[in-house]
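> Pasting a structure below so you can have a look.
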Amino acid sequence: MVTDAHKVAQPLEVRHFIGGEFVDSLDGKTFDSLTPIDNSVVAHVAEGSAADADRAVAAAKGAFDRWSTMSPAARKKILHAVADGLEARLEEIAAWETRDMGKPLADSRTKDVPRAAYNFRFFADYADLAGLHAYDKPWEGSFGYELREPIGVAAAISPWNFPLMLLTWKVAPALAFGCTVVAKPAEQSPVTASLLAEVCRDAGMPDGVFNVVQGFGPDAAGEALTRNPDVAAVTFTGESATGKAIMGAAAGTLKKLSFELGGKSPAVVCADADLDAAVDGALLGVFLNQGEVCLAGTRIIVQRPVYDEFCARMVDRLAQWKVGNPFDDGVRVGPLVSQEHLDKVLGYIELAEEEGAKRLIGGSRLTDGDLALGNYLEPTIFADTHNGMRVCREEIFGPVATVMPFDEIDDAITMANDSPYGLAGMVWTQNLNTAHRLARSIKTGNVWVNCFFVRDLRLPFGGYKESGVGREGGEYSYEFFTESKAVVMKLS
Ligand code: NDP
């Protein structure tokens, strides 16, 4: 069914959420937010300046004592109420996620929003149960133990590709471990952070505990958060270049930093793999969410005996993927987030051809009917590529796969690791020894064997090399959002 559900009667008014109230920018500035489905205006958004960021930080600082001294059990109750609120408003929030950034509604509904709610439940429970170390007699006649104290105000700066889900990976643990938060969502996808603020308010969260400043990063609200001396920690997900800028800006006040950055992940397909599973997994790994996934397995490295067969099967299967309005049933690839981003991805497709890659499928803009209004691109596969090509080294962040052959497992390891990034690796094999060997040898923060994108919140999440700094998840988030204190007591 073709739908016009993305259309709005009137653009939504999206304001900052500061100290428990929705407010305009101090200078009254706003910007228009477009839906990538047809590039119409769907929201008028407050454009935050440094002054707006500063007042959000002041509100978070003011709420810190109350929130941080509340028992984990009391915080847990509120955070579960947030999860309940997200679930109760699932359809509305999912529709806005899709309208804002173009991902298929089926994904927003079954993955992004449920997962955002789960993030709150998981960290609410985890923080309530988290333990501390104690050591008897670190020295004769003494007893030592560790205390954990919430670090203070945390700034959570997030990208547009999984706007709510990624934001809640940051906000839920920060709140659960007793920090107060100022969130700055990406300017392309402002709405669901604002809806989350409504949900937090309705869940009974005290004013000032969770704040949202809308707007841009450089020379604006985002950067101001990274410079504000009252922000103790910055958790950031976005491009590696932005991470470097934030590290520089935060150096002046020596903030604690956690960065989830870009990627160019290898998917290694061995000749002994279950080829059907590997083909489907590799396609999902690179084309899920229009390829706008930091973890995307964009470098598909296939052992030579099955290389031709694998490429042929990928093309056959991909031809069945429906591209179109993400509100329509059965659509698996929606529009790219913005016209500017579409142009960037098209530029890489042109570059791949100049570099001598062989285009197997896709690569053109879709312009049939209403699609001409939006930012639609056919998912694209290039074969016969190699790591010397820019398209195999740089993050394209769109639906473009590069496939390259390998002979020996050692070659696959060298090729997989020949990248400035180190976020994720995927391995497809039925041989247990090969699986273990590749899992140990691939230098990335995540390795998935015969699966993709399975995120267990107890495990560390982050990247090697230019893909990140630090880890988040269970105890890793506990470590990040708290200060540890050693207490040693003399016993007489
Ligand atoms: P950006 O780095 O452009 O932006 C991310 C966020 O940072 C936005 O809210 C942005 O604001 C803000 N920002 C930009 N510059 C600054 C600054 N100087 N100071 C403070 N804040 C700033 O990333 P994208 O939004 O384009 O997202 C795509 C990128 O995110 C890709 O590289 C992708 O790989 C990465 N990513 C990494 C993940 C991981 O877990 N490793 C997961 C998902 C995405 P605004 O854009 O509004 O100006």
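Here, A, B, ... name the chains of the structure tokens in the order displayed, residue numbers run from 1 inside each chain, and ligands are numbered from 1 in the same displayed order.
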Determine, counting only C-alpha atoms, which protein, DNA and RNA residues have an atom within 9 Å of an atom of Ala220 in chain A; residues of the same chain fewer than 2 positions away are not included. Present the result as a list in words.
Glu47, Gly48, Ser49, Ala50, Ala53, Gly215, Phe216, Gly217, Pro218, Gly222, Glu223, Ala224 and Leu225 of chain A
> Restricting the output to all heavy atoms, write the selected residues as an mmCIF file, in the first residue's frame.

data_model
loop_
_atom_site.group_PDB
_atom_site.id
_atom_site.type_symbol
_atom_site.label_atom_id
_atom_site.label_comp_id
_atom_site.auth_asym_id
_atom_site.auth_seq_id
_atom_site.Cartn_x
_atom_site.Cartn_y
_atom_site.Cartn_z
ATOM 1 N N GLU A 47 16.694 26.778 17.255
ATOM 2 C CA GLU A 47 18.126 26.634 16.940
ATOM 3 C C GLU A 47 18.940 27.125 18.127
ATOM 4 O O GLU A 47 19.013 28.334 18.389
ATOM 5 C CB GLU A 47 18.453 27.434 15.672
ATOM 6 C CG GLU A 47 19.890 27.267 15.275
ATOM 7 C CD GLU A 47 20.220 28.020 13.989
ATOM 8 O OE1 GLU A 47 19.323 28.252 13.145
ATOM 9 O OE2 GLU A 47 21.403 28.391 13.847
ATOM 10 N N GLY A 48 19.525 26.191 18.833
ATOM 11 C CA GLY A 48 20.210 26.535 20.085
ATOM 12 C C GLY A 48 21.537 27.236 19.860
ATOM 13 O O GLY A 48 22.317 26.875 18.986
ATOM 14 N N SER A 49 21.780 28.246 20.675
ATOM 15 C CA SER A 49 23.074 28.934 20.666
ATOM 16 C C SER A 49 23.858 28.466 21.890
ATOM 17 O O SER A 49 23.358 27.685 22.707
ATOM 18 C CB SER A 49 22.844 30.438 20.759
ATOM 19 O OG SER A 49 22.241 30.701 22.021
ATOM 20 N N ALA A 50 25.061 29.023 22.043
ATOM 21 C CA ALA A 50 25.854 28.696 23.238
ATOM 22 C C ALA A 50 25.083 29.085 24.498
ATOM 23 O O ALA A 50 25.134 28.376 25.512
ATOM 24 C CB ALA A 50 27.196 29.421 23.171
ATOM 25 N N ALA A 53 22.672 26.387 25.344
ATOM 26 C CA ALA A 53 23.388 25.223 25.900
ATOM 27 C C ALA A 53 23.775 25.496 27.342
ATOM 28 O O ALA A 53 23.608 24.648 28.224
ATOM 29 C CB ALA A 53 24.627 24.922 25.061
ATOM 30 N N GLY A 215 19.566 22.000 17.715
ATOM 31 C CA GLY A 215 20.396 22.889 16.897
ATOM 32 C C GLY A 215 21.611 22.191 16.332
ATOM 33 O O GLY A 215 21.623 20.971 16.173
ATOM 34 N N PHE A 216 22.620 23.007 16.054
ATOM 35 C CA PHE A 216 23.786 22.535 15.313
ATOM 36 C C PHE A 216 24.973 22.285 16.248
ATOM 37 O O PHE A 216 24.925 22.636 17.422
ATOM 38 C CB PHE A 216 24.162 23.571 14.241
ATOM 39 C CG PHE A 216 23.079 23.726 13.202
ATOM 40 C CD1 PHE A 216 21.940 24.486 13.471
ATOM 41 C CD2 PHE A 216 23.169 23.083 11.972
ATOM 42 C CE1 PHE A 216 20.929 24.617 12.525
ATOM 43 C CE2 PHE A 216 22.161 23.205 11.024
ATOM 44 C CZ PHE A 216 21.038 23.978 11.303
ATOM 45 N N GLY A 217 26.043 21.711 15.660
ATOM 46 C CA GLY A 217 27.232 21.404 16.442
ATOM 47 C C GLY A 217 28.259 22.513 16.425
ATOM 48 O O GLY A 217 28.396 23.264 17.409
ATOM 49 N N PRO A 218 28.983 22.666 15.291
ATOM 50 C CA PRO A 218 30.116 23.595 15.282
ATOM 51 C C PRO A 218 29.683 25.042 15.540
ATOM 52 O O PRO A 218 28.679 25.500 14.985
ATOM 53 C CB PRO A 218 30.677 23.464 13.850
ATOM 54 C CG PRO A 218 30.039 22.251 13.277
ATOM 55 C CD PRO A 218 28.786 21.978 14.025
ATOM 56 N N GLY A 222 26.086 22.489 20.232
ATOM 57 C CA GLY A 222 26.877 21.266 20.446
ATOM 58 C C GLY A 222 28.268 21.597 20.962
ATOM 59 O O GLY A 222 28.715 21.068 21.989
ATOM 60 N N GLU A 223 28.931 22.492 20.269
ATOM 61 C CA GLU A 223 30.299 22.834 20.673
ATOM 62 C C GLU A 223 30.311 23.479 22.060
ATOM 63 O O GLU A 223 31.214 23.217 22.874
ATOM 64 C CB GLU A 223 30.933 23.767 19.630
ATOM 65 C CG GLU A 223 32.384 24.032 19.937
ATOM 66 C CD GLU A 223 33.070 24.909 18.911
ATOM 67 O OE1 GLU A 223 32.677 24.891 17.723
ATOM 68 O OE2 GLU A 223 34.004 25.633 19.313
ATOM 69 N N ALA A 224 29.305 24.303 22.339
ATOM 70 C CA ALA A 224 29.257 24.969 23.649
ATOM 71 C C ALA A 224 29.204 23.942 24.777
ATOM 72 O O ALA A 224 29.819 24.131 25.831
ATOM 73 C CB ALA A 224 28.055 25.905 23.713
ATOM 74 N N LEU A 225 28.496 22.841 24.548
ATOM 75 C CA LEU A 225 28.435 21.798 25.582
ATOM 76 C C LEU A 225 29.820 21.215 25.843
ATOM 77 O O LEU A 225 30.172 20.888 26.976
ATOM 78 C CB LEU A 225 27.489 20.665 25.155
ATOM 79 C CG LEU A 225 25.996 21.009 25.088
ATOM 80 C CD1 LEU A 225 25.220 19.812 24.547
ATOM 81 C CD2 LEU A 225 25.471 21.405 26.457
#
> Listing only residues of chain A within 8 Å of ligand 1, what is the closest atom pair and its distance in Å (to one decimal) for each, using only C-alpha atoms and all ligand atoms, sorted by chain and residue number ascending, as a tab-separated table?

residue	atom	partner	partner_atom_place_in_ligand_line	distance
A:Ile157	CA	ligand 1	9 (O)	5.2
A:Ser158	CA	ligand 1	9 (O)	4.7
A:Pro159	CA	ligand 1	25 (O)	3.5
A:Trp160	CA	ligand 1	25 (O)	4.8
A:Asn161	CA	ligand 1	43 (C)	6.1
A:Phe162	CA	ligand 1	43 (C)	6.8
A:Leu166	CA	ligand 1	42 (C)	7.1
A:Lys184	CA	ligand 1	9 (O)	5.7
A:Pro185	CA	ligand 1	9 (O)	4.6
A:Ala186	CA	ligand 1	9 (O)	3.3
A:Glu187	CA	ligand 1	47 (O)	3.6
A:Gln188	CA	ligand 1	47 (O)	6.4
A:Gly215	CA	ligand 1	47 (O)	5.7
A:Phe216	CA	ligand 1	48 (O)	3.5
A:Gly217	CA	ligand 1	22 (C)	3.4
A:Pro218	CA	ligand 1	18 (N)	3.9
A:Asp219	CA	ligand 1	18 (N)	6.8
A:Ala220	CA	ligand 1	19 (N)	7.7
A:Ala221	CA	ligand 1	20 (C)	7.4
A:Gly222	CA	ligand 1	20 (C)	3.8
A:Glu223	CA	ligand 1	19 (N)	3.5
A:Ala224	CA	ligand 1	20 (C)	7.2
A:Leu225	CA	ligand 1	20 (C)	7.0
A:Thr226	CA	ligand 1	20 (C)	6.2
A:Phe236	CA	ligand 1	7 (O)	6.9
A:Thr237	CA	ligand 1	37 (C)	5.1
A:Gly238	CA	ligand 1	30 (O)	3.1
A:Glu239	CA	ligand 1	32 (O)	3.4
A:Ser240	CA	ligand 1	32 (O)	6.2
A:Ala241	CA	ligand 1	2 (O)	6.9
A:Thr242	CA	ligand 1	2 (O)	4.6
A:Gly243	CA	ligand 1	2 (O)	6.9
A:Ala245	CA	ligand 1	18 (N)	5.4
A:Ile246	CA	ligand 1	19 (N)	5.3
A:Ala249	CA	ligand 1	19 (N)	7.7
A:Phe259	CA	ligand 1	41 (N)	7.3
A:Glu260	CA	ligand 1	41 (N)	3.6
A:Leu261	CA	ligand 1	41 (N)	3.9
A:Gly262	CA	ligand 1	34 (O)	3.2
A:Gly263	CA	ligand 1	34 (O)	5.3
A:Glu292	CA	ligand 1	33 (C)	7.4
A:Val293	CA	ligand 1	43 (C)	5.8
A:Cys294	CA	ligand 1	34 (O)	3.5
A:Leu295	CA	ligand 1	39 (C)	6.8
A:Glu395	CA	ligand 1	32 (O)	6.9
A:Phe397	CA	ligand 1	31 (C)	6.5
A:Leu423	CA	ligand 1	41 (N)	6.5
A:Phe461	CA	ligand 1	40 (O)	7.7
A:Gly462	CA	ligand 1	41 (N)	6.3
A:Gly463	CA	ligand 1	41 (N)	6.7
A:Ser467	CA	ligand 1	41 (N)	6.0
A:Gly468	CA	ligand 1	41 (N)	6.5
> Smallest atom-to-atom distance to Gly85 in chain A: which of A:Leu195, A:Val8, A:Met489, A:Val449, using only C-alpha atoms?
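Of A:Leu195, A:Val8, A:Met489, A:Val449, the one nearest Gly85 in chain A is A:Leu195, counting only C-alpha atoms.
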> Among the residues of range 222-317 of chain A, find those DSSP assigns to strand (DSSP E) from the backbone and print them as a list in words.
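Answer for range 222-317 of chain A, restricted to strand (DSSP E): Val231, Ala232, Ala233, Val234, Thr235, Phe236, Thr237, Lys256, Leu257, Ser258, Phe259, Glu260, Pro266, Ala267, Val268, Val269, Arg299, Ile300, Ile301, Val302 and Gln303 of chain A.
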> With a cut-off of 12 Å, could you pull out the residues of range 202-267 of chain A touching range 301-325 of chain A and give me the nearest pair of atoms for each, distance in Å to one decimal, using only C-alpha atoms, ordered by chain and ascending number, as a Markdown table?

| residue | atom | partner | partner_atom | distance |
| --- | --- | --- | --- | --- |
| A:Ser265 | CA | A:Ile301 | CA | 10.3 |
| A:Pro266 | CA | A:Ile301 | CA | 6.8 |
| A:Ala267 | CA | A:Ile301 | CA | 5.9 |
> Got time to write the residues from that selection, N, CA and C atoms, as a PDB file, in the first residue's frame?

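Dumped to result-v2.pdb:
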ATOM      1  N   SER A 265      33.664  -1.373   7.926  1.00  0.00           N
ATOM      2  CA  SER A 265      33.852  -2.702   8.498  1.00  0.00           C
ATOM      3  C   SER A 265      33.962  -3.803   7.447  1.00  0.00           C
ATOM      4  N   PRO A 266      34.857  -4.775   7.707  1.00  0.00           N
ATOM      5  CA  PRO A 266      34.998  -5.907   6.801  1.00  0.00           C
ATOM      6  C   PRO A 266      33.994  -7.017   7.146  1.00  0.00           C
ATOM      7  N   ALA A 267      33.482  -7.662   6.102  1.00  0.00           N
ATOM      8  CA  ALA A 267      32.692  -8.885   6.291  1.00  0.00           C
ATOM      9  C   ALA A 267      33.444  -9.976   5.540  1.00  0.00           C
TER      10      ALA A 267
END
> List the spatial neighbours of range 108-116 of chain A as a list of chain:residue names - criterion: any atom at most 8 Å away, only C-alpha atoms, same-chain residues fewer than 2 positions off excluded.
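My list of contacting residues is A:Ala83, A:Leu86, A:Glu87, A:Leu90, A:Glu91, A:Ile93, A:Ala94, A:Ala95, A:Glu97, A:Thr98, A:Lys103, A:Pro104, A:Leu105, A:Ala106, A:Tyr118, A:Asn119, A:Phe120, A:Phe162, A:Leu164, A:Met165, A:Leu166, A:Thr168, A:Trp169.
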> From the options A:Lys485, A:Arg55, A:Lys264, A:Arg332, which residue's atoms come nearest to Leu283 in chain A, counting only C-alpha atoms?
A:Arg332
